[in-house]
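Shown next, in structure tokens, is the structure this report addresses.
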Amino acid sequence: IFSFVSTKMVSDSTHLVFSLRVCGNHFLTGDGAGHLARHRIPELQDAIGTVGVSEGPQVRFRAHTSGPIYSLASFTHTKQIIASAGEGVSLWDAEKLLTCTDPLQPAARFSFSHETNAVVWLPKAERLVAAQGTSELSVIDVETCQQDFALTGHDGAVMCVVVTEDGLVSGGEDGTVRMWDLRSQQCTSTLHPFADVDKGPKWVACLDVDPQSNWLACGGSASFLTLYHLPSKTLSAVMPTGTSVQTVLFDAHQIISGSCERHISFWTHSGKLTARVQSVVPSVFALASCGTGSTKMLFAAGKGDHVELYGEWNRKLGTVSCLA
């Protein structure tokens, strides 16, 4: 639909991992051809140091037939896992998905006229929020399988969305970051992270907030990350990356970003670069993490059919194949 997506959609979409999600002792991946794959984390930890690349996943099957799985989300309270894709959203029973050995059918599907680029769960409202290619955020009641309402304001596709203590924050093709109040169903603030970029497109590809909703990091078409103090909505730091940013993650006391070049960057909350690691993944689309200390693991994936693993102190541990 625009330059950000087109950089992802290469000829062999099977060899693109768009989404990662840690679910208890497992992590899931969603690829460019609509496959879901599941790995068990303890077995990967046991294999570290003995093999460079593990065998394939425990299970892998075609979950969506008409496009990539752009986003994965899991909800402990409802024991469900959500996948967003080209034709809509699928809802999966977590226990079944994390134990199945054969292809599984979803518990429910929600179809939309355009792609669904991201999905999150609203725990207080018990609603699903889907970021749409139609410029809307759809708020869905999963019990009735009906849309409650839509949040409108972006001029173009909504590419990413995160939940904060006060509501939602979304980023879009129009280059804006918008903050939403769910009671009034209105946009309360708009940020322009790339306003000073003179040439080229200005789209927001990724967002994340820290667990306390104090800090917001966003990246996209520009060759830098922006870091905002969320309560005051003021710009705190501009973090040069050298190329466009495709994914960002708050992880403990650091911020991690992945780009369309072969590296992963690690930053402090003040915006200082602490490390830039050469990755085997040519273009990084997704990051996820779990554990602490000696059990710490970071997962990075994107172009290619492997997920790269990192441990404590950002130490490379190896790679794991996403193909069965």
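Simple scheme: letters A, B, ... for chains in structure tokens order, numbers from 1 for residues in each chain, numbers from 1 for ligands in the order shown.
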
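DSSP, applied to the backbone of this structure, assigns helix (DSSP H, G or I) to the following residues of stretch 97-315 of chain A: Leu97, Gly293, Ser294, Thr295, Glu312, Trp313 and Asn314 of chain A.
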
Could you please take those selected residues and save C-alpha atoms as a PDB file, in the first residue's frame?
```
ATOM      1  CA  LEU A  97      -2.222 -23.520  19.970  1.00  0.00           C
ATOM      2  CA  GLY A 293      19.659 -12.572  34.144  1.00  0.00           C
ATOM      3  CA  SER A 294      21.053 -15.901  33.013  1.00  0.00           C
ATOM      4  CA  THR A 295      17.681 -16.923  31.533  1.00  0.00           C
ATOM      5  CA  GLU A 312      22.260 -11.648  28.869  1.00  0.00           C
ATOM      6  CA  TRP A 313      24.407  -8.596  28.004  1.00  0.00           C
ATOM      7  CA  ASN A 314      23.135  -8.842  24.399  1.00  0.00           C
TER       8      ASN A 314
END
```

* Please provide the set of residues having any atom within 10 Å of A:Cys260, restricted to only C-alpha atoms, with same-chain residues fewer than 2 positions apart removed, written as a list in words. =>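 In the requested format, the answer is Thr7, Lys8, Gly242, Thr243, Ser244, Val245, Gln246, Thr247, Gly258, Arg262, His263, Ile264, Val281, Pro282, Ser283, Val284, Phe285, Gly302 and Lys303 of chain A.
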
Using 9 Å as the limit and counting only C-alpha atoms, can you tabulate each residue of stretch 205-320 of chain A that touches stretch 164-187 of chain A, with its shortest atom-to-atom distance in Å and the two atoms involved, as a Markdown table?
```
| residue | atom | partner | partner_atom | distance |
| --- | --- | --- | --- | --- |
| A:Ala205 | CA | A:Gly171 | CA | 6.8 |
| A:Cys206 | CA | A:Gly171 | CA | 7.0 |
| A:Leu207 | CA | A:Gly171 | CA | 7.0 |
| A:Asp208 | CA | A:Val169 | CA | 8.9 |
| A:Val209 | CA | A:Thr164 | CA | 7.2 |
| A:Asp210 | CA | A:Thr164 | CA | 8.8 |
| A:Pro211 | CA | A:Thr164 | CA | 8.3 |
| A:Gln212 | CA | A:Glu165 | CA | 7.7 |
| A:Ser213 | CA | A:Thr164 | CA | 5.7 |
| A:Cys218 | CA | A:Gly171 | CA | 8.2 |
| A:Gly220 | CA | A:Gly175 | CA | 8.4 |
| A:Ser221 | CA | A:Gly175 | CA | 8.7 |
```

Written file, previous selection with C-alpha atoms, as a PDB file, in the first residue's frame:
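See part-v7.pdb below for the written result:
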```
ATOM      1  CA  ALA A 205       6.237   2.060  11.303  1.00  0.00           C
ATOM      2  CA  CYS A 206       6.653   1.127  14.971  1.00  0.00           C
ATOM      3  CA  LEU A 207       5.891   2.263  18.509  1.00  0.00           C
ATOM      4  CA  ASP A 208       6.469   1.017  22.018  1.00  0.00           C
ATOM      5  CA  VAL A 209       5.958   2.356  25.544  1.00  0.00           C
ATOM      6  CA  ASP A 210       7.704   1.375  28.757  1.00  0.00           C
ATOM      7  CA  PRO A 211       5.642  -0.554  31.358  1.00  0.00           C
ATOM      8  CA  GLN A 212       4.987   2.603  33.409  1.00  0.00           C
ATOM      9  CA  SER A 213       3.790   4.582  30.360  1.00  0.00           C
ATOM     10  CA  CYS A 218       8.769   5.587  17.662  1.00  0.00           C
ATOM     11  CA  GLY A 220       9.712   4.711  10.692  1.00  0.00           C
ATOM     12  CA  SER A 221      10.853   6.233   7.435  1.00  0.00           C
TER      13      SER A 221
END
```

* **Spatial neighbours of A:Val197, max dist 10 Å, only C-alpha atoms, sep filter under 3 positions, as a ChimeraX atom specification** => /A:193-194,200-202,221-223

Based on the selection just made, write C-alpha atoms of those residues as a PDB file, in the first residue's frame.
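Full text of part04.pdb as output:
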```pdb
ATOM      1  CA  PRO A 193       8.112  12.826  15.047  1.00  0.00           C
ATOM      2  CA  PHE A 194       9.479  13.411  11.547  1.00  0.00           C
ATOM      3  CA  GLY A 200      11.048  11.656   1.303  1.00  0.00           C
ATOM      4  CA  PRO A 201       8.078   9.893   2.894  1.00  0.00           C
ATOM      5  CA  LYS A 202       7.178  10.373   6.546  1.00  0.00           C
ATOM      6  CA  SER A 221      10.853   6.233   7.435  1.00  0.00           C
ATOM      7  CA  ALA A 222      13.439   8.586   8.955  1.00  0.00           C
ATOM      8  CA  SER A 223      16.929   7.406   9.868  1.00  0.00           C
TER       9      SER A 223
END
```

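Interatomic distance, atom CA of A:Leu16 to atom CA of A:Val204: 20.3 Å.
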
* Can you list every residue in stretch 146-180 of chain A that DSSP puts in strand (DSSP E), as a PyMOL selection string? -> chain A and resi 146-152+158-163+168-172+177-180

* Tell me which protein, DNA and RNA residues are within 9 Å of A:Phe75, counting only C-alpha atoms, leaving out same-chain ones fewer than 4 positions away, and put them as JSON, numbers by chain. => {"A": [79, 80, 81, 82, 94, 120, 121, 123]}

For the residues in that selection, give me all heavy atoms as a compact mmCIF listing (two decimals), in the first residue's frame.
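Heads up, here's the output in result02.txt:
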```txt
# COMPACT_ATOMS: atom_id res chain seq x y z
N LYS A 79 -6.83 -16.04 27.89
CA LYS A 79 -6.18 -17.26 27.40
C LYS A 79 -6.36 -17.40 25.89
O LYS A 79 -6.67 -18.47 25.36
CB LYS A 79 -6.73 -18.50 28.12
CG LYS A 79 -6.48 -18.48 29.62
CD LYS A 79 -7.03 -19.73 30.30
CE LYS A 79 -6.75 -19.68 31.80
NZ LYS A 79 -7.29 -20.86 32.51
N GLN A 80 -6.12 -16.28 25.21
CA GLN A 80 -6.28 -16.25 23.77
C GLN A 80 -5.06 -15.63 23.10
O GLN A 80 -4.33 -14.85 23.71
CB GLN A 80 -7.53 -15.45 23.37
CG GLN A 80 -8.84 -16.10 23.82
CD GLN A 80 -10.01 -15.17 23.67
OE1 GLN A 80 -9.88 -13.96 23.81
NE2 GLN A 80 -11.18 -15.72 23.40
N ILE A 81 -4.86 -15.99 21.85
CA ILE A 81 -3.79 -15.42 21.03
C ILE A 81 -4.43 -14.87 19.76
O ILE A 81 -5.30 -15.51 19.16
CB ILE A 81 -2.74 -16.50 20.70
CG1 ILE A 81 -2.02 -16.95 21.98
CG2 ILE A 81 -1.72 -15.97 19.68
CD1 ILE A 81 -1.17 -18.17 21.81
N ILE A 82 -4.02 -13.67 19.38
CA ILE A 82 -4.59 -12.98 18.23
C ILE A 82 -3.54 -12.82 17.16
O ILE A 82 -2.39 -12.46 17.44
CB ILE A 82 -5.13 -11.60 18.62
CG1 ILE A 82 -6.13 -11.70 19.77
CG2 ILE A 82 -5.76 -10.91 17.42
CD1 ILE A 82 -7.43 -12.35 19.42
N ALA A 94 -5.34 -20.34 23.34
CA ALA A 94 -3.91 -20.40 23.65
C ALA A 94 -3.47 -21.80 24.04
O ALA A 94 -2.42 -22.28 23.60
CB ALA A 94 -3.58 -19.41 24.76
N VAL A 120 -3.87 -5.19 19.41
CA VAL A 120 -3.59 -5.17 20.84
C VAL A 120 -4.87 -5.49 21.60
O VAL A 120 -5.97 -5.43 21.05
CB VAL A 120 -3.02 -3.82 21.31
CG1 VAL A 120 -1.65 -3.56 20.72
CG2 VAL A 120 -3.98 -2.68 20.99
N TRP A 121 -4.70 -5.81 22.88
CA TRP A 121 -5.82 -6.12 23.74
C TRP A 121 -5.97 -5.03 24.79
O TRP A 121 -4.98 -4.57 25.37
CB TRP A 121 -5.60 -7.47 24.43
CG TRP A 121 -6.66 -7.89 25.38
CD1 TRP A 121 -6.59 -7.92 26.74
CD2 TRP A 121 -7.98 -8.35 25.06
NE1 TRP A 121 -7.76 -8.37 27.28
CE2 TRP A 121 -8.63 -8.65 26.26
CE3 TRP A 121 -8.66 -8.55 23.85
CZ2 TRP A 121 -9.94 -9.13 26.31
CZ3 TRP A 121 -9.96 -9.02 23.89
CH2 TRP A 121 -10.58 -9.31 25.10
N PRO A 123 -7.17 -4.59 28.29
CA PRO A 123 -7.58 -5.41 29.44
C PRO A 123 -8.71 -4.80 30.25
O PRO A 123 -9.58 -5.53 30.76
CB PRO A 123 -6.30 -5.53 30.27
CG PRO A 123 -5.44 -4.40 29.82
CD PRO A 123 -5.78 -4.15 28.40
```

* Asked: Which neighbours of A:Gln147 fall inside 10 Å, counting only C-alpha atoms, when residues of the same chain fewer than 4 positions from it are skipped, and could you give them as a PyMOL selection string?
  -> chain A and resi 110+127-129+138-142

* Within 9 Å of A:Ala288, counting only C-alpha atoms, which residues show up once you throw out same-chain ones fewer than 6 positions away? Write them as number ranges by chain, please. => A: 19-22, 27, 249, 251, 297-300

Please dump the current selection as a PDB file, in the first residue's frame; keep N, CA, C and O atoms.
```pdb
ATOM      1  N   SER A  19       6.310 -11.201  12.520  1.00  0.00           N
ATOM      2  CA  SER A  19       5.838 -11.050  13.891  1.00  0.00           C
ATOM      3  C   SER A  19       6.404 -12.130  14.800  1.00  0.00           C
ATOM      4  O   SER A  19       6.632 -13.273  14.382  1.00  0.00           O
ATOM      5  N   LEU A  20       6.643 -11.732  16.049  1.00  0.00           N
ATOM      6  CA  LEU A  20       7.138 -12.617  17.101  1.00  0.00           C
ATOM      7  C   LEU A  20       6.300 -12.388  18.352  1.00  0.00           C
ATOM      8  O   LEU A  20       5.900 -11.255  18.646  1.00  0.00           O
ATOM      9  N   ARG A  21       6.064 -13.454  19.104  1.00  0.00           N
ATOM     10  CA  ARG A  21       5.349 -13.304  20.377  1.00  0.00           C
ATOM     11  C   ARG A  21       5.785 -14.384  21.347  1.00  0.00           C
ATOM     12  O   ARG A  21       5.765 -15.573  21.008  1.00  0.00           O
ATOM     13  N   VAL A  22       6.199 -13.988  22.547  1.00  0.00           N
ATOM     14  CA  VAL A  22       6.520 -14.933  23.608  1.00  0.00           C
ATOM     15  C   VAL A  22       5.244 -15.241  24.375  1.00  0.00           C
ATOM     16  O   VAL A  22       4.534 -14.326  24.810  1.00  0.00           O
ATOM     17  N   PHE A  27       7.625 -19.445  22.008  1.00  0.00           N
ATOM     18  CA  PHE A  27       7.497 -18.237  21.203  1.00  0.00           C
ATOM     19  C   PHE A  27       6.929 -18.621  19.850  1.00  0.00           C
ATOM     20  O   PHE A  27       7.180 -19.715  19.320  1.00  0.00           O
ATOM     21  N   LEU A 249      11.497  -1.888  20.786  1.00  0.00           N
ATOM     22  CA  LEU A 249      11.054  -2.648  21.957  1.00  0.00           C
ATOM     23  C   LEU A 249      11.682  -2.075  23.218  1.00  0.00           C
ATOM     24  O   LEU A 249      12.905  -1.892  23.283  1.00  0.00           O
ATOM     25  N   ASP A 251      12.827  -2.963  26.760  1.00  0.00           N
ATOM     26  CA  ASP A 251      13.205  -4.228  27.376  1.00  0.00           C
ATOM     27  C   ASP A 251      14.010  -3.927  28.634  1.00  0.00           C
ATOM     28  O   ASP A 251      15.168  -3.509  28.552  1.00  0.00           O
ATOM     29  N   MET A 297      16.479 -13.942  27.223  1.00  0.00           N
ATOM     30  CA  MET A 297      16.544 -14.232  25.799  1.00  0.00           C
ATOM     31  C   MET A 297      15.865 -13.118  25.020  1.00  0.00           C
ATOM     32  O   MET A 297      14.789 -12.650  25.378  1.00  0.00           O
ATOM     33  N   LEU A 298      16.532 -12.694  23.955  1.00  0.00           N
ATOM     34  CA  LEU A 298      15.972 -11.744  22.998  1.00  0.00           C
ATOM     35  C   LEU A 298      15.868 -12.443  21.656  1.00  0.00           C
ATOM     36  O   LEU A 298      16.802 -13.135  21.240  1.00  0.00           O
ATOM     37  N   PHE A 299      14.729 -12.262  20.982  1.00  0.00           N
ATOM     38  CA  PHE A 299      14.481 -12.881  19.689  1.00  0.00           C
ATOM     39  C   PHE A 299      14.386 -11.777  18.633  1.00  0.00           C
ATOM     40  O   PHE A 299      13.698 -10.776  18.835  1.00  0.00           O
ATOM     41  N   ALA A 300      15.067 -11.971  17.504  1.00  0.00           N
ATOM     42  CA  ALA A 300      15.034 -11.007  16.402  1.00  0.00           C
ATOM     43  C   ALA A 300      14.775 -11.758  15.102  1.00  0.00           C
ATOM     44  O   ALA A 300      15.389 -12.792  14.840  1.00  0.00           O
TER      45      ALA A 300
END
```

* Structure fact -> atom CA of A:Ala130 to atom CA of A:Asn117 measures 7.5 Å

* To do: Find the residues around A:Asn214 up to 12 Å (only C-alpha atoms counted), leave out those fewer than 6 positions away in its own chain, and share them as a PyMOL selection string.
  => chain A and resi 164-166+208+227-234+236+250+269

Writer output for current selection, N, CA and C atoms, as a JSON list (two decimals), in the first residue's frame:
```json
[["chain", "number", "residue", "atom", "x", "y", "z"],
["A", 164, "THR", "N", -1.53, 2.18, 26.57],
["A", 164, "THR", "CA", -0.92, 2.90, 27.68],
["A", 164, "THR", "C", -1.88, 2.89, 28.87],
["A", 165, "GLU", "N", -1.43, 3.46, 29.98],
["A", 165, "GLU", "CA", -2.30, 3.53, 31.15],
["A", 165, "GLU", "C", -3.51, 4.41, 30.90],
["A", 166, "ASP", "N", -3.39, 5.36, 29.97],
["A", 166, "ASP", "CA", -4.47, 6.31, 29.72],
["A", 166, "ASP", "C", -5.31, 6.00, 28.48],
["A", 208, "ASP", "N", 6.54, 1.79, 20.78],
["A", 208, "ASP", "CA", 6.47, 1.02, 22.02],
["A", 208, "ASP", "C", 6.51, 1.99, 23.19],
["A", 227, "LEU", "N", 12.30, 9.71, 20.96],
["A", 227, "LEU", "CA", 11.90, 9.30, 22.30],
["A", 227, "LEU", "C", 11.17, 10.46, 22.97],
["A", 228, "TYR", "N", 9.93, 10.20, 23.41],
["A", 228, "TYR", "CA", 9.10, 11.21, 24.03],
["A", 228, "TYR", "C", 8.84, 10.87, 25.49],
["A", 229, "HIS", "N", 8.79, 11.93, 26.33],
["A", 229, "HIS", "CA", 8.27, 11.79, 27.68],
["A", 229, "HIS", "C", 6.75, 11.84, 27.55],
["A", 230, "LEU", "N", 6.12, 10.70, 27.82],
["A", 230, "LEU", "CA", 4.71, 10.56, 27.46],
["A", 230, "LEU", "C", 3.78, 11.45, 28.28],
["A", 231, "PRO", "N", 3.94, 11.56, 29.62],
["A", 231, "PRO", "CA", 3.00, 12.43, 30.35],
["A", 231, "PRO", "C", 3.00, 13.88, 29.88],
["A", 232, "SER", "N", 4.19, 14.41, 29.55],
["A", 232, "SER", "CA", 4.25, 15.80, 29.11],
["A", 232, "SER", "C", 4.20, 15.95, 27.59],
["A", 233, "LYS", "N", 4.34, 14.80, 26.89],
["A", 233, "LYS", "CA", 4.30, 14.78, 25.42],
["A", 233, "LYS", "C", 5.41, 15.64, 24.81],
["A", 234, "THR", "N", 6.55, 15.64, 25.45],
["A", 234, "THR", "CA", 7.68, 16.42, 24.97],
["A", 234, "THR", "C", 8.77, 15.51, 24.44],
["A", 236, "SER", "N", 12.22, 14.00, 24.05],
["A", 236, "SER", "CA", 13.33, 13.85, 24.98],
["A", 236, "SER", "C", 14.65, 13.58, 24.27],
["A", 250, "PHE", "N", 10.84, -1.77, 24.23],
["A", 250, "PHE", "CA", 11.35, -1.48, 25.57],
["A", 250, "PHE", "C", 11.60, -2.80, 26.26],
["A", 269, "HIS", "N", 17.50, 4.70, 28.21],
["A", 269, "HIS", "CA", 16.26, 5.47, 28.22],
["A", 269, "HIS", "C", 16.50, 6.96, 28.04]]
```
